[in-house]
file protein.txt (compact mmCIF, C-alpha atoms)
# COMPACT_ATOMS: atom_id res chain seq x y z
CA MET A 1 -48.55 133.06 -61.19
CA LYS A 2 -46.71 132.14 -64.35
CA TYR A 3 -49.00 131.85 -67.35
CA THR A 4 -49.35 128.24 -68.43
CA ASN A 5 -51.75 126.39 -70.67
CA HIS A 6 -53.35 123.90 -68.35
CA GLY A 7 -54.76 121.83 -71.22
CA SER A 8 -57.68 119.48 -70.82
CA ARG A 9 -59.54 119.48 -67.53
CA LYS A 10 -62.04 116.75 -68.49
CA GLY A 11 -60.84 114.27 -65.89
CA HIS A 12 -60.96 116.87 -63.15
CA GLN A 13 -64.39 118.09 -64.28
CA ARG A 14 -65.83 114.57 -64.19
CA SER A 15 -64.44 114.07 -60.70
CA MET A 16 -65.84 117.41 -59.61
CA LEU A 17 -69.33 116.56 -60.82
CA LYS A 18 -69.14 113.19 -59.08
CA PHE A 19 -67.99 114.98 -55.96
CA VAL A 20 -70.92 117.39 -55.97
CA ALA A 21 -73.35 114.51 -56.40
CA VAL A 22 -72.34 113.03 -53.04
CA ILE A 23 -70.94 115.98 -51.11
CA ALA A 24 -74.37 116.96 -49.83
CA GLY A 25 -74.64 113.61 -48.11
CA ILE A 26 -71.20 114.00 -46.57
CA LEU A 27 -71.89 117.50 -45.33
CA VAL A 28 -75.51 117.07 -44.17
CA GLY A 29 -75.66 118.10 -40.55
CA THR A 30 -72.67 118.85 -38.39
CA ASN A 31 -70.98 116.13 -36.38
CA CYS A 32 -69.84 116.45 -32.79
CA MET A 33 -66.31 117.41 -33.77
CA SER A 34 -67.56 120.26 -35.95
CA GLN A 35 -69.88 121.43 -33.19
CA ALA A 36 -66.98 121.50 -30.74
CA ILE A 37 -65.24 123.97 -33.01
CA SER A 38 -68.29 125.94 -34.08
CA HIS A 39 -70.00 126.83 -30.81
CA SER A 40 -67.40 129.48 -29.99
CA GLU A 41 -68.46 133.09 -30.48
CA GLY A 42 -65.06 133.88 -31.95
CA LYS A 43 -63.77 133.52 -35.47
CA GLU A 44 -61.80 130.59 -36.77
CA THR A 45 -58.89 130.40 -39.20
CA ILE A 46 -57.76 127.55 -41.42
CA THR A 47 -54.89 127.57 -43.91
CA VAL A 48 -55.07 125.41 -47.04
CA GLY A 49 -53.11 124.93 -50.22
CA GLY A 50 -54.52 123.54 -53.43
CA GLY A 51 -52.32 124.78 -56.25
CA CYS A 52 -52.34 128.38 -57.42
CA PHE A 53 -53.48 130.63 -54.59
CA TRP A 54 -55.16 132.94 -57.07
CA CYS A 55 -57.63 130.12 -57.75
CA THR A 56 -58.45 129.16 -54.18
CA GLU A 57 -58.73 132.75 -53.01
CA ALA A 58 -61.21 133.54 -55.81
CA VAL A 59 -63.49 130.77 -54.56
CA PHE A 60 -63.32 131.10 -50.78
CA GLU A 61 -63.86 134.85 -50.67
CA GLN A 62 -67.34 134.28 -52.16
CA LEU A 63 -68.57 131.96 -49.38
CA LYS A 64 -71.08 133.13 -46.79
CA GLY A 65 -69.43 133.31 -43.41
CA VAL A 66 -65.93 133.82 -44.78
CA GLU A 67 -64.69 137.17 -43.55
CA LYS A 68 -61.17 137.30 -44.95
CA VAL A 69 -59.02 135.36 -47.39
CA GLU A 70 -55.31 136.10 -47.73
CA SER A 71 -52.90 134.58 -50.22
CA GLY A 72 -49.51 133.62 -48.86
CA TYR A 73 -46.95 130.95 -48.04
CA SER A 74 -46.80 128.27 -45.34
CA GLY A 75 -45.02 125.05 -44.53
CA GLY A 76 -41.45 125.96 -45.39
CA THR A 77 -38.20 126.82 -43.69
CA VAL A 78 -37.48 130.29 -45.07
CA VAL A 79 -38.73 133.24 -43.03
CA ALA A 80 -40.77 135.81 -44.96
CA PRO A 81 -40.07 134.34 -48.41
CA THR A 82 -40.69 136.20 -51.64
CA TYR A 83 -42.84 134.87 -54.45
CA GLU A 84 -39.75 134.35 -56.56
CA GLN A 85 -38.13 132.22 -53.84
CA VAL A 86 -41.24 130.08 -53.38
CA SER A 87 -41.59 129.65 -57.14
CA GLU A 88 -38.15 128.06 -57.28
CA GLY A 89 -39.54 125.23 -55.14
CA ASP A 90 -36.63 125.19 -52.67
CA THR A 91 -38.18 126.92 -49.64
CA GLY A 92 -40.56 124.11 -48.67
CA HIS A 93 -43.45 126.57 -48.67
CA ALA A 94 -46.77 125.94 -50.36
CA GLU A 95 -48.93 128.61 -51.93
CA VAL A 96 -51.88 128.83 -49.54
CA SER A 97 -55.09 130.64 -48.78
CA GLN A 98 -55.57 131.65 -45.16
CA ILE A 99 -59.30 131.72 -44.47
CA THR A 100 -60.89 133.50 -41.53
CA PHE A 101 -64.55 132.58 -41.09
CA ASP A 102 -67.48 132.72 -38.71
CA PRO A 103 -68.23 129.13 -37.58
CA LYS A 104 -71.78 130.19 -36.68
CA VAL A 105 -72.41 130.79 -40.39
CA ILE A 106 -70.26 128.16 -42.10
CA SER A 107 -68.56 125.13 -40.60
CA LEU A 108 -65.01 123.98 -41.13
CA LYS A 109 -66.41 120.80 -42.64
CA ASP A 110 -68.29 122.80 -45.28
CA ILE A 111 -65.17 124.83 -46.09
CA LEU A 112 -63.12 121.67 -46.52
CA GLY A 113 -65.88 120.20 -48.66
CA VAL A 114 -65.48 123.15 -51.03
CA PHE A 115 -61.70 122.85 -50.82
CA PHE A 116 -61.81 119.25 -52.06
CA THR A 117 -64.08 120.32 -54.92
CA VAL A 118 -62.00 123.13 -56.39
CA HIS A 119 -58.69 121.28 -56.70
CA ASP A 120 -57.50 117.77 -57.45
CA PRO A 121 -56.24 116.19 -54.20
CA THR A 122 -54.87 113.10 -55.95
CA THR A 123 -52.01 114.72 -57.87
CA LEU A 124 -48.83 114.89 -55.80
CA ASN A 125 -47.12 118.29 -55.92
CA ARG A 126 -49.12 119.30 -58.95
CA GLN A 127 -52.26 121.06 -60.14
CA GLY A 128 -52.65 120.93 -63.89
CA ASN A 129 -49.47 122.27 -65.47
CA ASP A 130 -48.37 123.94 -62.22
CA VAL A 131 -45.77 121.50 -60.90
CA GLY A 132 -43.70 121.63 -57.72
CA THR A 133 -44.03 121.21 -53.97
CA GLN A 134 -45.30 124.78 -53.76
CA TYR A 135 -48.48 123.55 -55.48
CA ARG A 136 -49.10 120.59 -53.17
CA SER A 137 -52.46 119.81 -51.64
CA VAL A 138 -52.18 120.60 -47.94
CA ILE A 139 -54.21 121.51 -44.86
CA PHE A 140 -52.44 123.29 -42.00
CA TYR A 141 -54.50 122.66 -38.86
CA ARG A 142 -54.29 124.79 -35.72
CA ASN A 143 -55.59 122.33 -33.14
CA ASP A 144 -56.68 118.73 -32.68
CA ASP A 145 -60.30 119.52 -33.53
CA GLN A 146 -59.34 120.92 -36.93
CA LYS A 147 -57.12 117.93 -37.56
CA ALA A 148 -59.93 115.53 -36.66
CA VAL A 149 -62.44 117.25 -38.96
CA ALA A 150 -59.92 117.25 -41.83
CA LYS A 151 -59.21 113.54 -41.36
CA GLN A 152 -62.91 112.79 -41.24
CA VAL A 153 -63.63 114.69 -44.47
CA ILE A 154 -60.74 112.95 -46.23
CA LYS A 155 -62.00 109.55 -45.05
CA GLU A 156 -65.56 110.23 -46.18
CA ILE A 157 -64.43 111.45 -49.59
CA SER A 158 -62.11 108.44 -49.96
CA ASP A 159 -64.85 106.02 -48.94
CA ALA A 160 -67.24 107.62 -51.43
CA LYS A 161 -64.64 107.04 -54.18
CA ILE A 162 -65.23 110.50 -55.57
CA TRP A 163 -61.74 110.64 -57.05
CA ASN A 164 -60.21 107.85 -59.09
CA GLY A 165 -56.83 108.15 -57.40
CA ARG A 166 -55.67 108.11 -53.80
CA ILE A 167 -55.99 111.40 -51.92
CA VAL A 168 -52.50 112.71 -51.19
CA THR A 169 -53.47 115.84 -49.26
CA GLU A 170 -50.90 116.58 -46.58
CA LEU A 171 -52.08 117.27 -43.03
CA SER A 172 -49.58 119.35 -41.08
CA PRO A 173 -49.67 121.46 -37.91
CA PHE A 174 -49.76 125.17 -38.61
CA LYS A 175 -46.53 126.99 -37.78
CA ALA A 176 -46.43 130.25 -39.69
CA PHE A 177 -48.15 132.15 -42.47
CA TYR A 178 -46.36 134.73 -44.58
CA LYS A 179 -48.70 136.98 -46.50
CA ALA A 180 -47.84 137.19 -50.18
CA GLU A 181 -46.99 140.42 -51.93
CA ASP A 182 -49.84 142.93 -52.34
CA TYR A 183 -50.21 142.29 -56.07
CA HIS A 184 -51.24 138.69 -55.34
CA GLN A 185 -54.16 139.68 -53.12
CA GLU A 186 -57.65 139.57 -54.73
CA TYR A 187 -55.91 138.81 -57.99
CA PHE A 188 -58.87 137.38 -59.87
CA ARG A 189 -61.18 140.22 -58.87
CA LEU A 190 -58.66 142.83 -59.99
CA HIS A 191 -57.24 141.08 -63.06
CA GLY A 192 -60.04 138.83 -64.27
CA SER A 193 -59.49 139.70 -67.93
CA GLN A 194 -55.93 138.33 -68.01
CA PRO A 195 -55.40 135.08 -70.00
CA TYR A 196 -54.56 132.88 -66.99
CA CYS A 197 -57.64 134.14 -65.16
CA GLN A 198 -59.88 133.54 -68.16
CA MET A 199 -58.51 130.12 -69.05
CA VAL A 200 -57.97 128.61 -65.60
CA ILE A 201 -59.63 130.53 -62.78
CA ALA A 202 -62.89 131.71 -64.39
CA PRO A 203 -64.13 128.20 -65.34
CA LYS A 204 -63.29 126.92 -61.85
CA VAL A 205 -65.15 129.81 -60.21
CA ALA A 206 -68.14 129.34 -62.52
CA LYS A 207 -68.46 125.65 -61.61
CA PHE A 208 -68.10 126.45 -57.94
CA ARG A 209 -70.83 129.09 -58.13
CA ASP A 210 -73.13 126.74 -60.01
CA HIS A 211 -72.79 123.88 -57.53
CA PHE A 212 -72.70 125.88 -54.29
CA ARG A 213 -75.26 128.60 -54.97
CA ASP A 214 -76.81 128.33 -51.53
CA LYS A 215 -73.45 129.12 -49.90
CA LEU A 216 -72.68 132.29 -51.86
CA LYS A 217 -72.59 135.70 -50.24
CA ASP A 218 -74.59 137.24 -53.09
CA ASN A 219 -77.34 134.62 -53.01
call {"tool": "encode", "arguments": {"input": "protein.txt", "output": "structure tokens"}}
result
Amino acid sequence: MKYTNHGSRKGHQRSMLKFVAVIAGILVGTNCMSQAISHSEGKETITVGGGCFWCTEAVFEQLKGVEKVESGYSGGTVVAPTYEQVSEGDTGHAEVSQITFDPKVISLKDILGVFFTVHDPTTLNRQGNDVGTQYRSVIFYRNDDQKAVAKQVIKEISDAKIWNGRIVTELSPFKAFYKAEDYHQEYFRLHGSQPYCQMVIAPKVAKFRDHFRDKLKDN
């Protein structure tokens, strides 16, 4: 990820705190759609994009029930793109985190609740100073149940007026995931002292850990 100064995050922080204040009400219990997905003994996978994949990976890999998080590219037309190609913004791919989780431990609805906390879903093709379609807010669903849960979460968040702007998160059927280069995997864990990690990722992870303590693996 190119180093950029993301500047003030006050607006996003206020929205995040407002989100956490009502997210418990949105996520209390599990509705019938979530149960339909979660009763399977198998694992489930969802692919989401919310800006820099270093940021989203650093959050999701800390959740109880999440067994694997991979950074990569989805949603474009180029087969097996490189990071440099995606960064040009011409491939149609978004930077994404592919999350494999145990639905008996954590529901898709809970994962999407976290997803809508750790990025701003109201900024089109942008997160902070990272600008381009590769940074768009997007959920790639694998079946109708996942699509229904995603639409429900978006509706509940919109109705709760957690964000000041309109949610522009794209919902698209999953087609392919191309794992990013090895040096992108577990980036924050391996390179946490780098300036981008300290200025952008670390504060986001700290807020996440503070507000979702009961969902952390190390809790």
call {"tool": "closest_residue", "arguments": {"input": "protein.txt", "among": "A:Tyr196, A:Phe212, A:Tyr178, A:Phe60", "to": "His93 of chain A", "atoms": "only C-alpha atoms"}}
result
A:Tyr178
call {"tool": "atom_distance", "arguments": {"input": "protein.txt", "atom1": "atom CA of Val138 of chain A", "atom2": "atom CA of Gly49 of chain A"}}
result
5.0 Å
call {"tool": "residues_around", "arguments": {"input": "protein.txt", "residues": "segment 83-88 of chain A", "least_positions_apart": "3", "cutoff": "8 Å", "atoms": "all atoms listed in the file", "output": "list in words"}}
result
Tyr73, Thr91, Gly92, His93, Ala94, Glu95, Gln134, Ala180 and Glu181 of chain A
call {"tool": "residues_around", "arguments": {"input": "protein.txt", "residues": "Thr123 of chain A", "least_positions_apart": "2", "cutoff": "12 Å", "atoms": "only C-alpha atoms", "output": "PDB file with C-alpha atoms, in the frame of the given file"}}
result
ATOM      1  CA  GLY A  11     -60.840 114.270 -65.890  1.00  0.00           C
ATOM      2  CA  HIS A  12     -60.960 116.870 -63.150  1.00  0.00           C
ATOM      3  CA  GLY A  50     -54.520 123.540 -53.430  1.00  0.00           C
ATOM      4  CA  GLY A  51     -52.320 124.780 -56.250  1.00  0.00           C
ATOM      5  CA  HIS A 119     -58.690 121.280 -56.700  1.00  0.00           C
ATOM      6  CA  ASP A 120     -57.500 117.770 -57.450  1.00  0.00           C
ATOM      7  CA  PRO A 121     -56.240 116.190 -54.200  1.00  0.00           C
ATOM      8  CA  ASN A 125     -47.120 118.290 -55.920  1.00  0.00           C
ATOM      9  CA  ARG A 126     -49.120 119.300 -58.950  1.00  0.00           C
ATOM     10  CA  GLN A 127     -52.260 121.060 -60.140  1.00  0.00           C
ATOM     11  CA  GLY A 128     -52.650 120.930 -63.890  1.00  0.00           C
ATOM     12  CA  ASN A 129     -49.470 122.270 -65.470  1.00  0.00           C
ATOM     13  CA  ASP A 130     -48.370 123.940 -62.220  1.00  0.00           C
ATOM     14  CA  VAL A 131     -45.770 121.500 -60.900  1.00  0.00           C
ATOM     15  CA  GLY A 132     -43.700 121.630 -57.720  1.00  0.00           C
ATOM     16  CA  THR A 133     -44.030 121.210 -53.970  1.00  0.00           C
ATOM     17  CA  TYR A 135     -48.480 123.550 -55.480  1.00  0.00           C
ATOM     18  CA  ARG A 136     -49.100 120.590 -53.170  1.00  0.00           C
ATOM     19  CA  SER A 137     -52.460 119.810 -51.640  1.00  0.00           C
ATOM     20  CA  VAL A 138     -52.180 120.600 -47.940  1.00  0.00           C
ATOM     21  CA  TRP A 163     -61.740 110.640 -57.050  1.00  0.00           C
ATOM     22  CA  ASN A 164     -60.210 107.850 -59.090  1.00  0.00           C
ATOM     23  CA  GLY A 165     -56.830 108.150 -57.400  1.00  0.00           C
ATOM     24  CA  ARG A 166     -55.670 108.110 -53.800  1.00  0.00           C
ATOM     25  CA  ILE A 167     -55.990 111.400 -51.920  1.00  0.00           C
ATOM     26  CA  VAL A 168     -52.500 112.710 -51.190  1.00  0.00           C
ATOM     27  CA  THR A 169     -53.470 115.840 -49.260  1.00  0.00           C
ATOM     28  CA  GLU A 170     -50.900 116.580 -46.580  1.00  0.00           C
TER      29      GLU A 170
END
call {"tool": "residues_near_point", "arguments": {"input": "protein.txt", "point": "(-61.0, 141.5, -58.0)", "cutoff": "12 Å", "atoms": "all atoms listed in the file", "output": "list of chain:residue names"}}
result
A:Trp54, A:Cys55, A:Glu57, A:Ala58, A:Val59, A:Glu61, A:Gln62, A:Tyr183, A:His184, A:Gln185, A:Glu186, A:Tyr187, A:Phe188, A:Arg189, A:Leu190, A:His191, A:Gly192, A:Ser193, A:Gln194, A:Cys197, A:Ala202
call {"tool": "residues_around", "arguments": {"input": "protein.txt", "residues": "segment 151-156 of chain A", "least_positions_apart": "6", "cutoff": "8 Å", "atoms": "all atoms listed in the file", "output": "PDB file with C-alpha atoms, keeping the file's coordinate frame"}}
result
ATOM      1  CA  ILE A  26     -71.200 114.000 -46.570  1.00  0.00           C
ATOM      2  CA  LYS A 109     -66.410 120.800 -42.640  1.00  0.00           C
ATOM      3  CA  LEU A 112     -63.120 121.670 -46.520  1.00  0.00           C
ATOM      4  CA  GLY A 113     -65.880 120.200 -48.660  1.00  0.00           C
ATOM      5  CA  ILE A 167     -55.990 111.400 -51.920  1.00  0.00           C
TER       6      ILE A 167
END
call {"tool": "closest_residue", "arguments": {"input": "protein.txt", "among": "A:Gly89, A:Ile201, A:Asn143, A:Thr122", "to": "Lys161 of chain A", "atoms": "only C-alpha atoms"}}
result
A:Thr122
